[in-house]
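Step one of this worksheet: look at the structure below.
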2 protein chains.
Amino acid sequence: MVTRISSPVLVFKRFSSTTYTSKALPSKAHLHKPIADDNFPKGYSLAGVHCGVKKKAGVLDLGVIVSTSPHPTSVAGCFTRNAFKAAPVLVSQEVLTKNGGRARALVVNSGCANAVTGKQGVEDAWAMAKATDDLLPTPPNSALSETLVMSTGVIGQNLPIQKILSGITSLRSSLSSSFSAWESAAKAFMTTDTFPKLRARTFTIKGKEYRLAGMDKGAGMIHPDMGPPSGQLHATLLGCILTDAGVSPRSLQSALNYAVDRSFNSISVDGDMSTNDTIVVFANGAATETGSKEIDESTDPEAYEIFKTELTSFAADLAQLVVRDGEGATKFVTVTVEGAPTYEDAHKIASRISTSALVKTAIYGEDANWGRILAATGSLRLSEPLVPSRVSVSFVPADGSSPLPLLVNGEPEVVDEDRALEIVSKGDLGINVQLGLGNESAKYWTCDFSYEYVRINGDYRT
Amino acid sequence: MVTRISSPVLVFKRFSSTTYTSKALPSKAHLHKPIADDNFPKGYSLAGVHCGVKKKAGVLDLGVIVSTSPHPTSVAGCFTRNAFKAAPVLVSQEVLTKNGGRARALVVNSGCANAVTGKQGVEDAWAMAKATDDLLPTPPNSALSETLVMSTGVIGQNLPIQKILSGITSLRSSLSSSFSAWESAAKAFMTTDTFPKLRARTFTIKGKEYRLAGMDKGAGMIHPDMGPPSGQLHATLLGCILTDAGVSPRSLQSALNYAVDRSFNSISVDGDMSTNDTIVVFANGAATETGSKEIDESTDPEAYEIFKTELTSFAADLAQLVVRDGEGATKFVTVTVEGAPTYEDAHKIASRISTSALVKTAIYGEDANWGRILAATGSLRLSEPLVPSRVSVSFVPADGSSPLPLLVNGEPEVVDEDRALEIVSKGDLGINVQLGLGNESAKYWTCDFSYEYVRINGDYRT
């Protein structure tokens, strides 16, 4: 998973010229690989198609996922806390809450976020949901809809809804559970992503084997803060996790809340939160042909804990893929803050370091400028004041070799700059901050800030 | 004050190449102009020199300002709220508080921030203060010191203290009140600044004329949050304002607190707060030869209000110069948030928009992407929830022509993209956000995010 830089060519000129020559951008194609069909959870059919939201022919922009399980399918979701929640977020929240955590389908389009689109936007999102209900193997159990909706792309433009509705109808014949169907659905999520983000794994609870698979998208406007479907929500990270375990709606939501805090809510590409961020999880019980009791926190806490831990670890894998594909990213950085008085304090500092433009440009420039890490660390008000003489900072190499101390108990180390450069010039590295105030810790994943980020985002709509 | 772009050459290539060609960077040299000697406040002597903190010969890196007034000189300061306050910040705070708001000199060096330098750093900062006391026209009134200290530059390195102390001694002969002395002192503050930031103005209270002059520095690590010398402080913006009005220490501090909130604490270049940020103001009463009663809030509130208003307006001018010289900046953006329930809410949203990487890269790319402004606006928790249907966003041209509505009461306008481009392609523009929730408003000043920012900060220490 290490991305490496080829040809370190650095030709920078200032004022006299307007040309910037950067290191070659690392390819991320190797992060997408085939997965054997039987590694995917049972009881799901998927498809993806080009319906015309995106101009370029052949680029997938519409996907559906349908649960075909004969058992009840639970669904949980975490949605952006942005005040300007996009229409698909409002519709998905309503489906989820009014159906008591039951749904069987997901429809997603890329190219247009259907955000800040007023009443028309909400009508369009409902039309997508209803059209997708027609792809269910049996008629909907809910008069409302059994479909959740996701959209991603430009804000403030209406969907080309007729193209989308025709596209949904056309997907019926291609629904499949093969790897290529999963891959097509994952591709339909993509915007500035450079590879489809699809992963699968198997886990065991009390001797019984279950499967998890998931896909997500996101490369920019990534700094999610998502919560359960109530209160004030918002972000454009989209993700969907599917399992063939059976889990009660209530326990699925509580496991997802825990997992999202430690995965998708702990990543940043650019510090900007979107109006569309949504993560959903489906649990359809299809692993057991006869159906079995759904896992529930109160009736079987042991099974629930195993499921929650698996879900959290899997969600972290998916979330990290987004950072690896961060717009213009050439580095993948794991920020760990330890010794904090509370988890919230640790998370806040890790987030501040992860969004610091100065830290991120220094890492792009392979400059071991730990002073910027320290300035970011000190800039927040915490539940108790930082004590500078207790703070230590080190770089942690991704290859397992010894960490390099930069600051120990508030005093700068005499740093071996060659060793620092060796660590920072790798594609993966860790920044470790020890506060010396308590026992809580948090992890955050971020990337560097490059010329390519400026290019992508200075020129997005053209 | 409008910075304009010449030759709009845009040649962007992705992946196939590693070269980025940007628009020509605007020169900012015209923002520094000569000022007539008698426009400066009376009773101050200044000098600047190259002492060797910076390697390049002839580049000024040490400056002093001495009050020569026969009347008492009041001093007030606002200091960074960073937990890792640099040694000069600690020393200046102690001088200020222990001397009850009286001091007569300021010494500043650039090239090394004397931050995170432990006990040695504090000893060095005291040595700078004591050496500068020797330049006072009469012996110090305080056993401690009558000098405030400022340092800016790289974090975590010790000062070359002998070079600095020799430099201070050598300055005695060049102390002067001429424009070129003021200019030399202003140059000694500079790090990545591209021009010295020096301004002067005259104001009148009850028929009597007074003068204000000031200088500041800063181009990166600019997102100050400064408060009076108590509590937990930190930032690297340095500034110094001098007046020949007489103001009591207590009223000078309260006027400065008010002014700093609406000037230096309302600017951002990169969202990063420094360990050294310091703004001080000297008031030496030298406008009146015989000396007169100091202006005080309780004894003459009318005079105090006039002084506070002048100081705030002057501080805003100086603060805006820092944004105009922001690292890599090609645009100057005034963000105004109106209709907020509280000033803090308005300030928080203006700050979030001003630090959004997506908003800043869009402005660099001259893309009227208001969706990013909206996403930033909606991402915060306020004292009361935002109502999307009451929010309006517009671009405000700097030339006084009509604003361009982008979103009105939550509904997107059909935007004339040519007109939008016309506004965004100018060097100066405004973003106006109306929340429709109350009567409070706040202004913030920010710049765009360019290739040049990445270059400067990916390559700072080499």
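Scheme for the structure tokens: letters A, B, ... for chains in order shown; per-chain residue numbers from 1; ligand numbers from 1 in order shown.
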I need the chain A residues near chain B as an mmCIF file with C-alpha atoms, in the first residue's frame; criterion: at most 6 Å, counting only C-alpha atoms.
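To be explicit, this is the file written out as iface13.cif:
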data_model
loop_
_atom_site.group_PDB
_atom_site.id
_atom_site.type_symbol
_atom_site.label_atom_id
_atom_site.label_comp_id
_atom_site.auth_asym_id
_atom_site.auth_seq_id
_atom_site.Cartn_x
_atom_site.Cartn_y
_atom_site.Cartn_z
ATOM 1 C CA THR A 18 5.533 31.254 -13.690
ATOM 2 C CA THR A 19 6.411 27.612 -14.152
ATOM 3 C CA TYR A 20 6.442 25.026 -11.370
ATOM 4 C CA THR A 21 7.923 21.623 -11.967
ATOM 5 C CA SER A 22 6.856 19.018 -9.478
ATOM 6 C CA ALA A 24 5.979 12.943 -10.845
ATOM 7 C CA ASN A 82 -23.851 20.525 7.212
ATOM 8 C CA ALA A 83 -26.797 22.919 7.559
ATOM 9 C CA PHE A 84 -27.236 22.767 3.770
ATOM 10 C CA ILE A 155 -23.500 21.882 -6.035
ATOM 11 C CA SER A 274 -19.542 18.634 2.181
ATOM 12 C CA THR A 275 -23.325 18.962 1.972
ATOM 13 C CA THR A 361 2.940 21.619 2.268
ATOM 14 C CA ALA A 362 6.053 20.786 4.343
ATOM 15 C CA GLY A 365 8.178 19.345 0.095
ATOM 16 C CA GLY A 371 7.838 23.418 14.388
ATOM 17 C CA ALA A 375 2.362 25.336 16.357
ATOM 18 C CA GLY A 378 -0.625 24.444 20.575
ATOM 19 C CA SER A 379 -3.311 26.418 18.766
ATOM 20 C CA TYR A 451 0.584 21.760 -6.847
ATOM 21 C CA VAL A 454 -4.304 23.619 -6.517
ATOM 22 C CA ASN A 457 -9.504 22.788 -7.441
ATOM 23 C CA GLY A 458 -8.675 25.963 -9.294
ATOM 24 C CA ASP A 459 -10.101 24.400 -12.414
#
Which neighbours of region 286-290 of chain A fall inside 10 Å, counting only C-alpha atoms, when residues of the same chain fewer than 2 positions from it are skipped, and could you give them as a PDB file with all heavy atoms, in the first residue's frame?
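Result file follows (result_1.pdb):
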ATOM      1  N   PRO A  41     -20.371 -10.549   0.142  1.00  0.00           N
ATOM      2  CA  PRO A  41     -21.512 -11.017   0.936  1.00  0.00           C
ATOM      3  C   PRO A  41     -22.639 -11.527   0.029  1.00  0.00           C
ATOM      4  O   PRO A  41     -22.846 -11.011  -1.069  1.00  0.00           O
ATOM      5  CB  PRO A  41     -21.946  -9.771   1.707  1.00  0.00           C
ATOM      6  CG  PRO A  41     -21.305  -8.612   1.043  1.00  0.00           C
ATOM      7  CD  PRO A  41     -20.077  -9.127   0.373  1.00  0.00           C
ATOM      8  N   LYS A  42     -23.330 -12.522   0.524  1.00  0.00           N
ATOM      9  CA  LYS A  42     -24.433 -13.110  -0.250  1.00  0.00           C
ATOM     10  C   LYS A  42     -25.661 -12.202  -0.232  1.00  0.00           C
ATOM     11  O   LYS A  42     -25.836 -11.387   0.674  1.00  0.00           O
ATOM     12  CB  LYS A  42     -24.811 -14.460   0.361  1.00  0.00           C
ATOM     13  CG  LYS A  42     -23.690 -15.474   0.271  1.00  0.00           C
ATOM     14  CD  LYS A  42     -24.089 -16.802   0.909  1.00  0.00           C
ATOM     15  CE  LYS A  42     -22.895 -17.748   0.904  1.00  0.00           C
ATOM     16  NZ  LYS A  42     -23.163 -18.980   1.669  1.00  0.00           N
ATOM     17  N   GLY A  43     -26.498 -12.355  -1.244  1.00  0.00           N
ATOM     18  CA  GLY A  43     -27.795 -11.685  -1.217  1.00  0.00           C
ATOM     19  C   GLY A  43     -27.790 -10.238  -1.670  1.00  0.00           C
ATOM     20  O   GLY A  43     -28.656  -9.459  -1.250  1.00  0.00           O
ATOM     21  N   TYR A  44     -26.815  -9.852  -2.489  1.00  0.00           N
ATOM     22  CA  TYR A  44     -26.816  -8.496  -3.045  1.00  0.00           C
ATOM     23  C   TYR A  44     -26.625  -8.565  -4.562  1.00  0.00           C
ATOM     24  O   TYR A  44     -25.805  -9.355  -5.049  1.00  0.00           O
ATOM     25  CB  TYR A  44     -25.688  -7.645  -2.437  1.00  0.00           C
ATOM     26  CG  TYR A  44     -25.901  -7.344  -0.970  1.00  0.00           C
ATOM     27  CD1 TYR A  44     -25.232  -8.086   0.010  1.00  0.00           C
ATOM     28  CD2 TYR A  44     -26.776  -6.341  -0.565  1.00  0.00           C
ATOM     29  CE1 TYR A  44     -25.436  -7.828   1.359  1.00  0.00           C
ATOM     30  CE2 TYR A  44     -26.976  -6.082   0.788  1.00  0.00           C
ATOM     31  CZ  TYR A  44     -26.306  -6.819   1.741  1.00  0.00           C
ATOM     32  OH  TYR A  44     -26.518  -6.560   3.061  1.00  0.00           O
ATOM     33  N   SER A  67     -30.696  -5.479  -2.148  1.00  0.00           N
ATOM     34  CA  SER A  67     -30.622  -6.679  -1.322  1.00  0.00           C
ATOM     35  C   SER A  67     -31.657  -7.674  -1.842  1.00  0.00           C
ATOM     36  O   SER A  67     -32.841  -7.344  -1.966  1.00  0.00           O
ATOM     37  CB  SER A  67     -30.919  -6.351   0.142  1.00  0.00           C
ATOM     38  OG  SER A  67     -31.111  -7.564   0.857  1.00  0.00           O
ATOM     39  N   THR A  68     -31.205  -8.900  -2.145  1.00  0.00           N
ATOM     40  CA  THR A  68     -32.120  -9.929  -2.652  1.00  0.00           C
ATOM     41  C   THR A  68     -32.368 -10.993  -1.592  1.00  0.00           C
ATOM     42  O   THR A  68     -32.906 -12.055  -1.873  1.00  0.00           O
ATOM     43  CB  THR A  68     -31.506 -10.601  -3.899  1.00  0.00           C
ATOM     44  OG1 THR A  68     -30.213 -11.128  -3.543  1.00  0.00           O
ATOM     45  CG2 THR A  68     -31.341  -9.608  -5.029  1.00  0.00           C
ATOM     46  N   SER A  69     -31.943 -10.700  -0.360  1.00  0.00           N
ATOM     47  CA  SER A  69     -32.090 -11.660   0.732  1.00  0.00           C
ATOM     48  C   SER A  69     -33.562 -11.918   1.038  1.00  0.00           C
ATOM     49  O   SER A  69     -34.371 -10.992   1.034  1.00  0.00           O
ATOM     50  CB  SER A  69     -31.397 -11.097   1.975  1.00  0.00           C
ATOM     51  OG  SER A  69     -31.687 -11.891   3.103  1.00  0.00           O
ATOM     52  N   PRO A  70     -33.926 -13.172   1.332  1.00  0.00           N
ATOM     53  CA  PRO A  70     -35.301 -13.456   1.737  1.00  0.00           C
ATOM     54  C   PRO A  70     -35.588 -12.992   3.172  1.00  0.00           C
ATOM     55  O   PRO A  70     -36.737 -12.947   3.599  1.00  0.00           O
ATOM     56  CB  PRO A  70     -35.386 -14.979   1.638  1.00  0.00           C
ATOM     57  CG  PRO A  70     -33.988 -15.457   1.808  1.00  0.00           C
ATOM     58  CD  PRO A  70     -33.092 -14.382   1.266  1.00  0.00           C
ATOM     59  N   HIS A  71     -34.528 -12.646   3.917  1.00  0.00           N
ATOM     60  CA  HIS A  71     -34.684 -12.212   5.316  1.00  0.00           C
ATOM     61  C   HIS A  71     -34.759 -10.687   5.368  1.00  0.00           C
ATOM     62  O   HIS A  71     -34.363 -10.010   4.417  1.00  0.00           O
ATOM     63  CB  HIS A  71     -33.498 -12.727   6.136  1.00  0.00           C
ATOM     64  CG  HIS A  71     -33.177 -14.150   5.839  1.00  0.00           C
ATOM     65  ND1 HIS A  71     -34.082 -15.181   6.028  1.00  0.00           N
ATOM     66  CD2 HIS A  71     -32.066 -14.718   5.311  1.00  0.00           C
ATOM     67  CE1 HIS A  71     -33.533 -16.321   5.648  1.00  0.00           C
ATOM     68  NE2 HIS A  71     -32.310 -16.076   5.205  1.00  0.00           N
ATOM     69  N   PRO A  72     -35.231 -10.136   6.501  1.00  0.00           N
ATOM     70  CA  PRO A  72     -35.301  -8.668   6.596  1.00  0.00           C
ATOM     71  C   PRO A  72     -33.904  -8.047   6.482  1.00  0.00           C
ATOM     72  O   PRO A  72     -32.934  -8.598   7.014  1.00  0.00           O
ATOM     73  CB  PRO A  72     -35.875  -8.425   7.998  1.00  0.00           C
ATOM     74  CG  PRO A  72     -36.507  -9.719   8.400  1.00  0.00           C
ATOM     75  CD  PRO A  72     -35.734 -10.801   7.716  1.00  0.00           C
ATOM     76  N   THR A  73     -33.819  -6.928   5.775  1.00  0.00           N
ATOM     77  CA  THR A  73     -32.544  -6.230   5.628  1.00  0.00           C
ATOM     78  C   THR A  73     -32.570  -4.975   6.492  1.00  0.00           C
ATOM     79  O   THR A  73     -33.471  -4.147   6.358  1.00  0.00           O
ATOM     80  CB  THR A  73     -32.307  -5.851   4.156  1.00  0.00           C
ATOM     81  OG1 THR A  73     -32.282  -7.052   3.382  1.00  0.00           O
ATOM     82  CG2 THR A  73     -30.984  -5.122   3.987  1.00  0.00           C
ATOM     83  N   LYS A 208     -19.354 -19.143  12.931  1.00  0.00           N
ATOM     84  CA  LYS A 208     -20.111 -18.926  11.695  1.00  0.00           C
ATOM     85  C   LYS A 208     -19.426 -17.822  10.878  1.00  0.00           C
ATOM     86  O   LYS A 208     -19.049 -16.789  11.416  1.00  0.00           O
ATOM     87  CB  LYS A 208     -21.547 -18.521  12.072  1.00  0.00           C
ATOM     88  CG  LYS A 208     -22.399 -17.991  10.945  1.00  0.00           C
ATOM     89  CD  LYS A 208     -22.876 -19.101  10.016  1.00  0.00           C
ATOM     90  CE  LYS A 208     -23.512 -18.505   8.753  1.00  0.00           C
ATOM     91  NZ  LYS A 208     -23.492 -19.456   7.639  1.00  0.00           N
ATOM     92  N   GLU A 209     -19.269 -18.065   9.589  1.00  0.00           N
ATOM     93  CA  GLU A 209     -18.567 -17.111   8.728  1.00  0.00           C
ATOM     94  C   GLU A 209     -19.518 -16.106   8.076  1.00  0.00           C
ATOM     95  O   GLU A 209     -20.594 -16.478   7.601  1.00  0.00           O
ATOM     96  CB  GLU A 209     -17.821 -17.883   7.639  1.00  0.00           C
ATOM     97  CG  GLU A 209     -16.779 -17.052   6.927  1.00  0.00           C
ATOM     98  CD  GLU A 209     -15.892 -17.931   6.037  1.00  0.00           C
ATOM     99  OE1 GLU A 209     -16.356 -18.279   4.939  1.00  0.00           O
ATOM    100  OE2 GLU A 209     -14.751 -18.254   6.447  1.00  0.00           O
ATOM    101  N   TYR A 210     -19.088 -14.836   8.094  1.00  0.00           N
ATOM    102  CA  TYR A 210     -19.860 -13.779   7.434  1.00  0.00           C
ATOM    103  C   TYR A 210     -18.934 -13.005   6.507  1.00  0.00           C
ATOM    104  O   TYR A 210     -17.718 -13.095   6.610  1.00  0.00           O
ATOM    105  CB  TYR A 210     -20.453 -12.814   8.462  1.00  0.00           C
ATOM    106  CG  TYR A 210     -21.376 -13.463   9.463  1.00  0.00           C
ATOM    107  CD1 TYR A 210     -20.893 -13.899  10.702  1.00  0.00           C
ATOM    108  CD2 TYR A 210     -22.727 -13.645   9.172  1.00  0.00           C
ATOM    109  CE1 TYR A 210     -21.736 -14.500  11.618  1.00  0.00           C
ATOM    110  CE2 TYR A 210     -23.576 -14.244  10.093  1.00  0.00           C
ATOM    111  CZ  TYR A 210     -23.074 -14.669  11.316  1.00  0.00           C
ATOM    112  OH  TYR A 210     -23.911 -15.265  12.213  1.00  0.00           O
ATOM    113  N   ARG A 211     -19.514 -12.240   5.628  1.00  0.00           N
ATOM    114  CA  ARG A 211     -18.738 -11.435   4.703  1.00  0.00           C
ATOM    115  C   ARG A 211     -19.131  -9.956   4.816  1.00  0.00           C
ATOM    116  O   ARG A 211     -20.280  -9.632   5.141  1.00  0.00           O
ATOM    117  CB  ARG A 211     -18.957 -11.909   3.261  1.00  0.00           C
ATOM    118  CG  ARG A 211     -18.171 -13.169   2.905  1.00  0.00           C
ATOM    119  CD  ARG A 211     -18.906 -14.038   1.917  1.00  0.00           C
ATOM    120  NE  ARG A 211     -20.127 -14.544   2.520  1.00  0.00           N
ATOM    121  CZ  ARG A 211     -20.193 -15.685   3.250  1.00  0.00           C
ATOM    122  NH1 ARG A 211     -19.123 -16.436   3.420  1.00  0.00           N
ATOM    123  NH2 ARG A 211     -21.341 -16.058   3.781  1.00  0.00           N
ATOM    124  N   THR A 243     -23.167  -6.295   4.444  1.00  0.00           N
ATOM    125  CA  THR A 243     -22.791  -7.560   5.074  1.00  0.00           C
ATOM    126  C   THR A 243     -23.942  -8.549   4.949  1.00  0.00           C
ATOM    127  O   THR A 243     -25.109  -8.151   4.838  1.00  0.00           O
ATOM    128  CB  THR A 243     -22.400  -7.382   6.561  1.00  0.00           C
ATOM    129  OG1 THR A 243     -22.049  -8.655   7.109  1.00  0.00           O
ATOM    130  CG2 THR A 243     -23.541  -6.784   7.382  1.00  0.00           C
ATOM    131  N   ASP A 244     -23.588  -9.835   4.971  1.00  0.00           N
ATOM    132  CA  ASP A 244     -24.641 -10.845   4.952  1.00  0.00           C
ATOM    133  C   ASP A 244     -24.930 -11.371   6.358  1.00  0.00           C
ATOM    134  O   ASP A 244     -25.644 -12.352   6.527  1.00  0.00           O
ATOM    135  CB  ASP A 244     -24.327 -11.974   3.962  1.00  0.00           C
ATOM    136  CG  ASP A 244     -22.949 -12.583   4.166  1.00  0.00           C
ATOM    137  OD1 ASP A 244     -22.344 -12.356   5.244  1.00  0.00           O
ATOM    138  OD2 ASP A 244     -22.474 -13.290   3.260  1.00  0.00           O
ATOM    139  N   ALA A 245     -24.356 -10.701   7.358  1.00  0.00           N
ATOM    140  CA  ALA A 245     -24.787 -10.977   8.733  1.00  0.00           C
ATOM    141  C   ALA A 245     -26.161 -10.337   8.932  1.00  0.00           C
ATOM    142  O   ALA A 245     -26.522  -9.402   8.219  1.00  0.00           O
ATOM    143  CB  ALA A 245     -23.793 -10.375   9.727  1.00  0.00           C
ATOM    144  N   GLY A 246     -26.920 -10.858   9.883  1.00  0.00           N
ATOM    145  CA  GLY A 246     -28.180 -10.214  10.250  1.00  0.00           C
ATOM    146  C   GLY A 246     -27.959  -9.422  11.527  1.00  0.00           C
ATOM    147  O   GLY A 246     -27.431  -9.953  12.508  1.00  0.00           O
ATOM    148  N   ALA A 283     -27.345  -4.796   6.304  1.00  0.00           N
ATOM    149  CA  ALA A 283     -27.100  -6.123   6.891  1.00  0.00           C
ATOM    150  C   ALA A 283     -28.317  -6.972   6.562  1.00  0.00           C
ATOM    151  O   ALA A 283     -29.414  -6.691   7.048  1.00  0.00           O
ATOM    152  CB  ALA A 283     -26.907  -6.005   8.401  1.00  0.00           C
ATOM    153  N   ASN A 284     -28.138  -7.990   5.698  1.00  0.00           N
ATOM    154  CA  ASN A 284     -29.319  -8.668   5.147  1.00  0.00           C
ATOM    155  C   ASN A 284     -29.547 -10.100   5.627  1.00  0.00           C
ATOM    156  O   ASN A 284     -30.474 -10.773   5.178  1.00  0.00           O
ATOM    157  CB  ASN A 284     -29.294  -8.618   3.610  1.00  0.00           C
ATOM    158  CG  ASN A 284     -28.197  -9.484   3.015  1.00  0.00           C
ATOM    159  OD1 ASN A 284     -27.464 -10.162   3.751  1.00  0.00           O
ATOM    160  ND2 ASN A 284     -28.077  -9.479   1.708  1.00  0.00           N
ATOM    161  N   SER A 292     -31.629 -16.372  10.678  1.00  0.00           N
ATOM    162  CA  SER A 292     -31.377 -16.641  12.097  1.00  0.00           C
ATOM    163  C   SER A 292     -31.613 -15.349  12.838  1.00  0.00           C
ATOM    164  O   SER A 292     -31.800 -14.291  12.241  1.00  0.00           O
ATOM    165  CB  SER A 292     -29.952 -17.128  12.298  1.00  0.00           C
ATOM    166  OG  SER A 292     -29.052 -16.163  11.826  1.00  0.00           O
ATOM    167  N   LYS A 293     -31.601 -15.418  14.147  1.00  0.00           N
ATOM    168  CA  LYS A 293     -31.871 -14.240  14.959  1.00  0.00           C
ATOM    169  C   LYS A 293     -30.862 -13.139  14.616  1.00  0.00           C
ATOM    170  O   LYS A 293     -29.669 -13.402  14.488  1.00  0.00           O
ATOM    171  CB  LYS A 293     -31.735 -14.628  16.434  1.00  0.00           C
ATOM    172  CG  LYS A 293     -32.724 -13.896  17.303  1.00  0.00           C
ATOM    173  CD  LYS A 293     -32.832 -14.520  18.685  1.00  0.00           C
ATOM    174  CE  LYS A 293     -33.335 -13.492  19.659  1.00  0.00           C
ATOM    175  NZ  LYS A 293     -32.363 -13.108  20.660  1.00  0.00           N
TER     176      LYS A 293
END
At a cut-off of 7 Å, using only C-alpha atoms, what residues contact Val396 (chain B)? Leave out same-chain residues fewer than 4 positions from it and give the result as a CSV table (one decimal) with all heavy atoms, in the first residue's frame.
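Result went into part20.csv, see below:
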chain,number,residue,atom,x,y,z
B,403,PRO,N,-23.3,44.5,-6.7
B,403,PRO,CA,-23.0,43.1,-6.3
B,403,PRO,C,-23.7,42.1,-7.2
B,403,PRO,O,-24.8,42.4,-7.8
B,403,PRO,CB,-23.5,43.0,-4.9
B,403,PRO,CG,-23.6,44.4,-4.4
B,403,PRO,CD,-24.0,45.2,-5.6
B,404,LEU,N,-23.2,40.9,-7.3
B,404,LEU,CA,-23.8,39.8,-8.1
B,404,LEU,C,-24.4,38.8,-7.2
B,404,LEU,O,-23.6,38.0,-6.6
B,404,LEU,CB,-22.7,39.2,-9.0
B,404,LEU,CG,-23.2,38.1,-10.0
B,404,LEU,CD1,-24.1,38.6,-11.1
B,404,LEU,CD2,-22.0,37.4,-10.6
B,429,LEU,N,-11.8,41.5,-4.4
B,429,LEU,CA,-13.2,41.2,-4.5
B,429,LEU,C,-13.8,40.9,-3.1
B,429,LEU,O,-13.0,40.7,-2.1
B,429,LEU,CB,-13.5,40.0,-5.4
B,429,LEU,CG,-13.2,38.6,-4.9
B,429,LEU,CD1,-14.2,37.6,-5.4
B,429,LEU,CD2,-11.8,38.2,-5.3
B,430,GLY,N,-15.1,41.0,-3.0
B,430,GLY,CA,-15.8,40.7,-1.8
B,430,GLY,C,-16.7,39.5,-1.9
B,430,GLY,O,-17.3,39.3,-2.9
B,431,ILE,N,-16.8,38.8,-0.8
B,431,ILE,CA,-17.8,37.7,-0.7
B,431,ILE,C,-18.8,38.2,0.4
B,431,ILE,O,-18.3,38.4,1.6
B,431,ILE,CB,-17.2,36.4,-0.3
B,431,ILE,CG1,-16.3,35.9,-1.5
B,431,ILE,CG2,-18.3,35.4,0.0
B,431,ILE,CD1,-15.5,34.7,-1.1
B,432,ASN,N,-20.1,38.2,0.1
B,432,ASN,CA,-21.0,38.7,1.1
B,432,ASN,C,-22.0,37.5,1.4
B,432,ASN,O,-22.6,37.0,0.5
B,432,ASN,CB,-21.8,39.9,0.6
B,432,ASN,CG,-22.5,40.6,1.7
B,432,ASN,OD1,-23.4,40.0,2.4
B,432,ASN,ND2,-22.2,41.8,2.0
Those in region 82-150 of chain B with strand (DSSP E or B) from DSSP, as a list of chain:residue names: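 Residues meeting the strand (DSSP E or B) criterion: B:Arg102, B:Ala105, B:Leu106, B:Val107, B:Val108, B:Asn109, B:Ser110, B:Gly111, B:Cys112, B:Thr147, B:Leu148, B:Val149, B:Met150.
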Residues within 9 Å of Ala340 (chain B), only C-alpha atoms, excluding chain neighbours under 2 positions, as number ranges by chain: B: 337-338, 342-346, 434-442
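CA of Thr446 (chain A) lies 9.7 Å from CA of Ala350 (chain A).
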DSSP alpha helix (DSSP H) residues within region 129-275 of chain A, listed as number ranges by chain: A: 129-133, 161-170, 179-188, 249-261
Atomic separation - CA of Gly427 (chain A) relative to CA of Gly400 (chain A), Å: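 The value is 13.9 Å.
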